[in-house]
Structure formats: structure tokens, C-alpha cells
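Have a look at the structure below, then the notes.
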Amino acid sequence: MTAIEHQSASFADGTRKPAVPGRPPARLGWLDALRGIAALLVAVHHFGLLRWYSWGPAFEEKFDLGIFSVMLFFLVSGYIVPASLERRGDVRGFWVGRLFRIYPLIIVTVVLSLLVLPTKYSAVPSVVTDRPYWSYLANLTLLHEMTNIPSALGAMWTLCYEMVFYFLVSALFVKGWHRQSAPIALFFAAAALLLGAWWKPALITTKPVWTAPSTTHHLIIATVLVMLTGLVLVLLGRPELVRIGALVLGGLGALLLFVNARSTFFESMMILATMFAGTAIFRAEKGQIDRALAAVACAFVLASGFLVGYMYNHGKSAFNRTWTSSWEGFSLPYVAAWAVFGLGMLLRSKRWPRPLTWLGTVSYSVYVVHIPVLWATWWFKDHLVTYPTTGWGRWLLPLTFVAAVLVASQLTYKLIEMPGQKLGKRVAKALDRRSAARADNVEQQRMEQVI
């Protein structure tokens with residue numbers, strides 16, 4: 001083990017604090033604003049608001065709002081998530097925080113959707129409810145889209161890539177390779193460019209789950225077992241076990257990403273390239289890596305994101321590849337996401353409007369709850385209220401939807417997200433105390449042996 005590897009692993013038990021230059025403030029207003037805008041645009045996109053305009057379908061053919069929003073999300077995640085891990089220097093604490101931030105809201109939202117919404121208006125698709133045990137087990141890993149199982153909530157597919165990113169970031173950190181963000185971004189973008197038309201998705205589960213269930217079930221079992229093993233090792237907190245656990249998770253994420261992601265290969269590669277490019281931007285800004293290297297890497301990733309759409313996202317099959325209607329529908333919003341992120345960086349020292357930063361604070365809730373709220377809105381329209389379809393009155397329906405999403409998001413943030421995060425902090429502190437007590441006992445035993 002190199003000195004860097006030993007240092008990275010030793011942070012995991014909470015006994016050492018890293019010296020990370022450029023420690024960011026607790027909240028970054030510009031990132032909150034971008035994240036909030038992206039989340040709300042995803043909701044608007046799924047509502048189909050642009051189709052209400054005569055120019056909407058033509059616009060969406062050339063500029064997919066969903067691609068723009070999720071790529072902006074991935075840039076923000078890439079920028080801030082590794083910084084969060086390295087700031088605390090504690091892989092176990094990082095994972096406790098992630099688990100208690102992500103899972104409570106998803107579990108409660110899915111359960112309430114199943115209990116409250118009528119079957120005809122269910123936010124959980126029938127392909128999931130028809131095979132509940134395997135589907136929910138796979139969804140609990142948040143690797144479901146890479147184990148041949150659809151998302152319990154439509155927007156959850158991006159969380160699969162977030163989870164893989166967390167796995168890779170953790171593995172890189174314990175190996176001391178965490179500052180190689182720029183070369184890693186280059187690697188993923190180059191893979192998208194070179195192999196985008198050749199590498200096929202879902203190499204393990206080549207058939208839908210309903211036609212070949214055993215292969216999918218075996219993959220789910222293996223994925224759950226490997227993931228649980230990695231997480232248990234990380235949560236045990238002993239530096240060497242944390243190191244092994246993080247590497248197990250990183251290996252699992254890389255394997256599933258390359259051999260069984262359901263998204264087309266070039267899209268999967270560009271998602272990871274985008275996130276690691278976001279990390280490279282953070283490192284360059286804080287003086288952790290050479291700015292010229294970061295600039296070249298980001299330029300290459302940006303160019304690749306445009307070119308893979310042009311090269312591989314043509315014709316009617318574009319919808320099956322990326323849920324877009326043309327190569328422009330992928331490439332143009334990808335470039336636009338970078339442009340908006342860059343604009344946000346230029347304005348990062350400014351004071352951002354409080355409504356936007358609040359929207360960023362509840363953005364995870366917006367992203368998760370908008371799907372069931374959307375179906376509830378359709379039920380409300382069909383059974384309780386007749387909305388005008390002409391004139392200014394036709395805007396009442398989308399306004400109802402947006403207002404309901406924002407209100408529900410504030411409630412779920414206060415009632416689910418915040419308590420979950422507080423519980424996670426208590427759990428992390430309890431684990432740290434246990435590790436500290438164990439370390440004291442070990443040291444005492446050593447002293448007794450010496451005496």
C-alpha cells in the first residue's frame with residue numbers, strides 16, 4: 001500500500017481529518033440554484049408542457065429538455081459529491097450520509113404511491129408491480145436499470161448512475177487516485193466516441209425479464225450479495241476493511257456499467273464522463289490539479305458529448321437509444337447544460353435569489369415526488385375538476401401541477417429528508433464512537449503487552 005493509499009484508508013475510521021485545500025462552504029448558492037432549476041425542468045418535461053405550444057414538438061425534436069436537465073444534474077453532482085467525501089475524509093461517514101439521504105424519501109414515496117394512487121393512475125409501472133419481489137429488491141440496490149429491472153419511479157434511472165459514481169469515487173479515494181478526475185473523464189468520453197456504435201448494452205441480460213427471468217434473477221441475487229458485502233465492510237469502519245469494501249463496490253459499479261447498463265453505451269459513458277469532468281472542474285478551481293489538463297479534459301468531454309449524438313443517435317432508433325427524437329435532441333441540450341453550468345460558475349460569487357436556492361434545497365424531493373404528483377394531477381383533472389382548455393384558463397392545470405410539486409417537496413423535505421439526514425448523522429457519530437473505543441482498547445492492550 002502506498003503512503004497515499006494508507007492515508008486515504010485511515011481516514012475512514014474517523015480518527016484522522018484530511019487536509020483538503022479549498023474547503024467549500026456548507027452550501028453553495030449557485031449549485032443549489034442549478035440543481036433546483038434542473039429538477040423543476042425535469043418535472044415540467046414529464047408533464048409535457050412544451051407540447052402545449054404549436055412550436056413545442058419541433059423544439060423538443062431538436063432540444064430534449066430531459067437530456068438538458070439530467071446532464072446539468074450530473075455536472076453538479078460531479079462537482080460537489082467527491083468534494084463532500086474528501087472534505088470529511090471518511091468513506092464510512094460518506095456512505096452513511098448517502099444512504100440516509102437517498103433511501104428514506106424513495107421508500108416512502110414508492111410505498112405511498114402504491115397505497116394512495118388508484119391502479120389506473122399508478123406512478124409505479126405495471127412491469128414493476130407484476131413482479132414485485134424481484135423488482136423491489138433490484139430497485140432497493142438503486143442498480144435496477146443495470147440488472148434488467150425498470151425503475152419503480154420513472155425518474156429513478158439517473159440514480160443508478162449516481163450510485164455507480166459513488167462506488168467509483170469511493171474506490172478511487174481509498175486507492176489514492178481520487179485526483180485523477182481529468183484522465184478518468186477523458187477515458188469515459190473516449191470510450192463513448194470509439195465504442196459508441198459497437199459496444200452493446202445489456203450483455204448479460206440480453207432479453208426482457210418477462211421472457212428470460214432466471215438470468216435476471218441470478219444477476220439480482222449476485223448484485224445484492226456483492227453490494228451488501230461491500231457496504232458491510234465499509235460500515236465496519238476498520239481502515240483495511242473500508243478499503244476492501246470500497247474496492248468491491250467500485251468493481252461492482254464498473255462491471256455493471258460496462259456490461260449490463262440498459263442505456264445505450266455512448267450515453268452511459270458520457271454520463272460518467274460528465275460527472276468526472278465536473279469533479280475535474282472543482283479540482284482545477286481549488287488548485288488541486290493542473291488547470292490546463294482540466295481545460296483539455298472538459299473540452300474533450302464537451303466535444304464528445306456533441307459528437308456522439310451526431311454519430312450514433314440518428315433516425316427513428318434515436319428514441320430507443322436515448323428517448324430523444326434526433327441527434328440534435330441529444331447533442332444540443334448536452335452542450336446547453338455545459339453552457340448553463342459555466343454561466344453558473346461565472347456568477348458563483350453573486351448572491352442568488354432565495355427562491356432558487358430554496359428550490360435547490362428541496363430539489364431531490366422535487367425530482368422524486370413529481371412523478372406520483374403528476375399522476376395524482378391527472379386523476380384530479382379526470383375525476384374532480386374540469387379545467388379550461390382554451391385561453392388563459394388552460395394554464396390552470398400546469399400551475400396546479402407545479403404548485404402541488406413544490407408544496408409536496410417542501411413537506412417531504414421537512415418530514416422525510418431532514419429527519420433521515422439527522423438520523424444518519426447520529427448513526428455516523430455512534431459508529432465513530434464505537435471505532436474510537438475499539439481503537440482505545442487496542443492501544444491499551446498493546447501498552448499492557450509492552451509492560
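By convention here, the chains of the C-alpha cells are called A, B, ... in the order presented, each chain's residues are numbered starting at 1, and ligands are numbered starting at 1 in the order presented.
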Item to check | stretch 354-358 of chain A environment, 10 Å, only C-alpha atoms, sequence neighbours closer than 3 positions dropped, as an MDAnalysis selection string | outcome: chainID A and resid 27:37 351 361:363 410
Next on the checklist: So that I can check the surroundings of stretch 71-77 of chain A, please list as a list of chain:residue names every protein, DNA and RNA residue that reaches within 8 Å of it, counting only C-alpha atoms and ignoring chain neighbours fewer than 4 positions away.
Outcome noted: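 Residues near the query, excluding close chain neighbours: A:Leu31, A:Leu34, A:Arg35, A:Ala38, A:Ala39, A:Ile67, A:Val81, A:Glu162, A:Ile271, A:Thr274, A:Met275, A:Ala277, A:Gly278, A:Tyr334, A:Ala337, A:Trp338, A:Val340, A:Phe341.
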Item to check | Distance query A:Tyr136 at most 10 Å, only C-alpha atoms, self and fewer than 2 positions along chain excluded, as a PyMOL selection string | outcome: chain A and resi 107+110+128-129+131-134+138-142+144+149-152
Checklist outcome for this item: Min atom-atom distance to A:Leu241 from the set A:Asn313, A:Gln421, A:Val174, A:Lys350, counting only C-alpha atoms, belongs to A:Val174
Checklist entry - Can you tell me, as a list of chain:residue names, what residues are no more than 12 Å from A:Trp198 when counting only C-alpha atoms, ignoring any on the same chain fewer than 6 positions away? => result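 The residues that qualify are A:Ala191, A:Ala192, A:Thr264, A:Phe265, A:Phe266, A:Met311, A:Tyr312.
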Checklist entry - Could you name the residues that touch A:Ser268 at 9 Å or less, counting only C-alpha atoms, but leaving out those on the same chain fewer than 4 positions away, as a count of residues only? => result 11
Checklist entry - What is the atom CA of A:Thr279 to atom CA of A:Gly251 distance in Å? => result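 Going from atom CA of A:Thr279 over to atom CA of A:Gly251, I get 20.0 Å.
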Next on the checklist: My list of candidates is A:Thr412, A:Glu267, A:Gln288, A:Ser435. Which is closest to A:Thr158 when distances are computed with only C-alpha atoms?
Outcome noted: A:Glu267
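Taking only C-alpha atoms into account, A:Asp130 lies nearest to A:Trp210 out of the set A:Phe300, A:Trp210, A:Phe306, A:Trp379.
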Checklist entry - Hey, what does DSSP flag as alpha helix (DSSP H) within stretch 47-90 of chain A? Can you give it to me as a PyMOL selection string? => result chain A and resi 47+56-62+65-88
Next on the checklist: Report, in Å with one decimal, the straight-line distance from atom CA of A:Arg98 to atom CA of A:Ser170.
Outcome noted: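 That distance, rounded to one decimal, is 11.9 Å.
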Checklist entry - Hey, can you check how far atom CA of A:Leu374 sits from atom CA of A:Phe47? => result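 If I compute the distance from atom CA of A:Leu374 to atom CA of A:Phe47, I get 6.9 Å.
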Item to check | Polymer residues at most 10 Å from A:Ala404, only C-alpha atoms, same-chain spacing of 3 or more positions, as a list in words | outcome: Val369, His370, Val373, Leu374, Ala376, Thr377, Pro398, Leu399, Thr400, Phe401, Val407, Ala408, Ser409 and Gln410 of chain A
